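Trainee: Just passing along the structure, written as structure tokens.
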Amino acid sequence: MGRLLDSTLVTFGLGLALTGVLVALLRWLS
Amino acid sequence: MSPLLADQFDLLMRWLHLAAALVWIGHNYATAVTRSRYTPLQASDLADPGSPVQRMLLQREHGVFRYASLVTLGCGLAMLLRRGWLGGALSLQGPLAPIGIGTWIGIVMVLNLWFVLWPHQKRVLGFVPASIEERLRCSRVTFLSARVNTLLSVPLLFFMAASSHGVFVRG
């Protein structure tokens, strides 16, 4: 994880992926 | 509070929330863009307090963004509290779930900034005495801590925007 965050582009990509996971989780729970 | 005054208060809170968030996350993004990859500090940079690298680090340390983070969170919580939504948001109730997720992410980011990044940064800058090795290790932690907040800002901004369109997110 630490190495991945060394790149800004990857950081934003991970942020988008996390957004998708949270949206999916929210839709699944509601 | 009269309805007009309440509206004016809400507008002020909303404006301060956005302005302070721009100051805080603007600092974070600026660093992420200008230092796109992690470049380790060298022991020689830290050994000499007058070294160009150390002077550069000290110039960047002005604390404004740390306090902006508190204004951002405080105004956000105040807006939720005034509407009577704070409890529902924090417990992710119904249509308040999207803004609730954003609130929790924001709380984590403020805690990360004040209790992970800042204590380590104080060692890097020499505000708290530490060995050169310890300061070099801390500089890596501050980098990762800042990047975690960059990462978390993406879903936070999405859920803040989605809070007015919660039906879409909740399906």
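Ligands are numbered from 1 in the order shown, residues from 1 within each chain, and chains are lettered A, B, ... in the order they appear in the structure tokens.
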Tell me, as a CSV table (one decimal) with N, CA and C atoms, in the first residue's frame, which residues lie within 10 Å of region 9-26 of chain A, counting only C-alpha atoms; anything in the same chain fewer than 6 positions away does not count.
Mentor:
```csv
chain,number,residue,atom,x,y,z
A,1,MET,N,0.8,-1.2,0.0
A,1,MET,CA,0.0,0.0,0.0
A,1,MET,C,0.9,1.3,0.0
A,3,ARG,N,3.9,1.7,-1.1
A,3,ARG,CA,4.5,1.9,-2.4
A,3,ARG,C,3.5,2.4,-3.5
B,32,ALA,N,0.7,17.0,-3.8
B,32,ALA,CA,0.6,15.8,-4.5
B,32,ALA,C,1.0,16.0,-6.0
B,33,VAL,N,0.7,17.2,-6.5
B,33,VAL,CA,1.0,17.5,-7.9
B,33,VAL,C,2.5,17.8,-8.1
B,36,SER,N,5.0,14.5,-7.3
B,36,SER,CA,4.1,13.4,-7.7
B,36,SER,C,4.6,12.1,-7.2
B,37,ARG,N,5.9,12.0,-7.0
B,37,ARG,CA,6.5,10.7,-6.4
B,37,ARG,C,7.3,11.0,-5.2
B,92,LEU,N,-25.7,6.9,9.7
B,92,LEU,CA,-26.0,6.5,8.3
B,92,LEU,C,-27.4,6.1,8.1
B,97,ALA,N,-27.5,8.9,4.7
B,97,ALA,CA,-26.3,8.0,4.7
B,97,ALA,C,-25.2,8.6,3.8
B,98,PRO,N,-25.5,9.1,2.6
B,98,PRO,CA,-24.3,9.6,1.8
B,98,PRO,C,-23.5,10.7,2.5
B,101,ILE,N,-21.5,9.2,5.3
B,101,ILE,CA,-20.2,8.6,4.9
B,101,ILE,C,-19.2,9.7,4.7
B,147,ARG,N,-0.8,11.4,1.7
B,147,ARG,CA,-1.4,10.7,0.5
B,147,ARG,C,-2.7,10.0,0.8
B,148,VAL,N,-2.7,9.5,2.1
B,148,VAL,CA,-4.0,8.8,2.5
B,148,VAL,C,-5.1,9.9,2.5
B,149,ASN,N,-4.8,11.1,2.9
B,149,ASN,CA,-5.9,12.1,2.9
B,149,ASN,C,-6.2,12.5,1.4
B,150,THR,N,-5.2,12.5,0.5
B,150,THR,CA,-5.5,12.8,-0.9
B,150,THR,C,-6.5,11.7,-1.4
B,151,LEU,N,-6.2,10.5,-1.0
B,151,LEU,CA,-7.0,9.3,-1.5
B,151,LEU,C,-8.5,9.5,-0.9
B,152,LEU,N,-8.5,9.8,0.4
B,152,LEU,CA,-9.9,9.9,1.1
B,152,LEU,C,-10.7,11.0,0.6
B,153,SER,N,-10.0,12.1,0.1
B,153,SER,CA,-10.7,13.3,-0.4
B,153,SER,C,-11.6,12.9,-1.6
B,154,VAL,N,-11.2,11.9,-2.4
B,154,VAL,CA,-12.0,11.6,-3.6
B,154,VAL,C,-13.4,11.1,-3.2
B,155,PRO,N,-13.5,10.0,-2.4
B,155,PRO,CA,-14.9,9.6,-2.0
B,155,PRO,C,-15.6,10.7,-1.1
B,156,LEU,N,-14.9,11.5,-0.3
B,156,LEU,CA,-15.5,12.5,0.5
B,156,LEU,C,-16.2,13.5,-0.4
B,157,LEU,N,-15.5,14.0,-1.4
B,157,LEU,CA,-16.1,15.0,-2.3
B,157,LEU,C,-17.3,14.4,-3.0
B,158,PHE,N,-17.2,13.1,-3.4
B,158,PHE,CA,-18.3,12.5,-4.1
B,158,PHE,C,-19.5,12.4,-3.2
B,159,PHE,N,-19.3,12.0,-2.0
B,159,PHE,CA,-20.5,11.8,-1.1
B,159,PHE,C,-21.0,13.1,-0.6
B,168,PHE,N,-30.2,8.7,-5.8
B,168,PHE,CA,-29.4,8.0,-6.8
B,168,PHE,C,-28.4,7.0,-6.2
B,169,VAL,N,-27.7,7.5,-5.2
B,169,VAL,CA,-26.6,6.7,-4.6
B,169,VAL,C,-27.3,5.5,-3.9
B,170,ARG,N,-28.4,5.7,-3.2
B,170,ARG,CA,-29.0,4.7,-2.4
B,170,ARG,C,-29.8,3.7,-3.2
B,171,GLY,N,-30.1,4.0,-4.5
B,171,GLY,CA,-30.8,3.1,-5.3
B,171,GLY,C,-32.3,3.1,-5.1
```
Trainee: Would you mind telling me which residue in B:Arg135, B:Lys122, B:Arg55, B:Arg140 lies nearest to chain A when using only C-alpha atoms?
Mentor: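 For chain A, the nearest of the given residues is B:Arg140.
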Trainee: Hey, can you check how far CA of Trp118 (chain B) sits from CA of Leu16 (chain B)?
Mentor: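 Spanning CA of Trp118 (chain B) to CA of Leu16 (chain B) is a straight-line distance of 23.1 Å.
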Trainee: Return the single residue from B:Leu11, B:Ala21, B:Leu46, B:Ser145 that is closest to Arg123 (chain B), with distances computed using only C-alpha atoms.
Mentor: B:Leu46
Trainee: B:Ala162, B:Ile132, B:Ala43, B:Met13: which is nearest chain A, counting only C-alpha atoms?
Mentor: B:Ala162
Trainee: Please identify the helix (DSSP H, G or I) residues within region 3-167 of chain B (assignment by DSSP from backbone atoms) and present them as a PyMOL selection string.
Mentor: chain B and resi 3-34+43-47+52-60+64-83+86-90+94-124+132-167
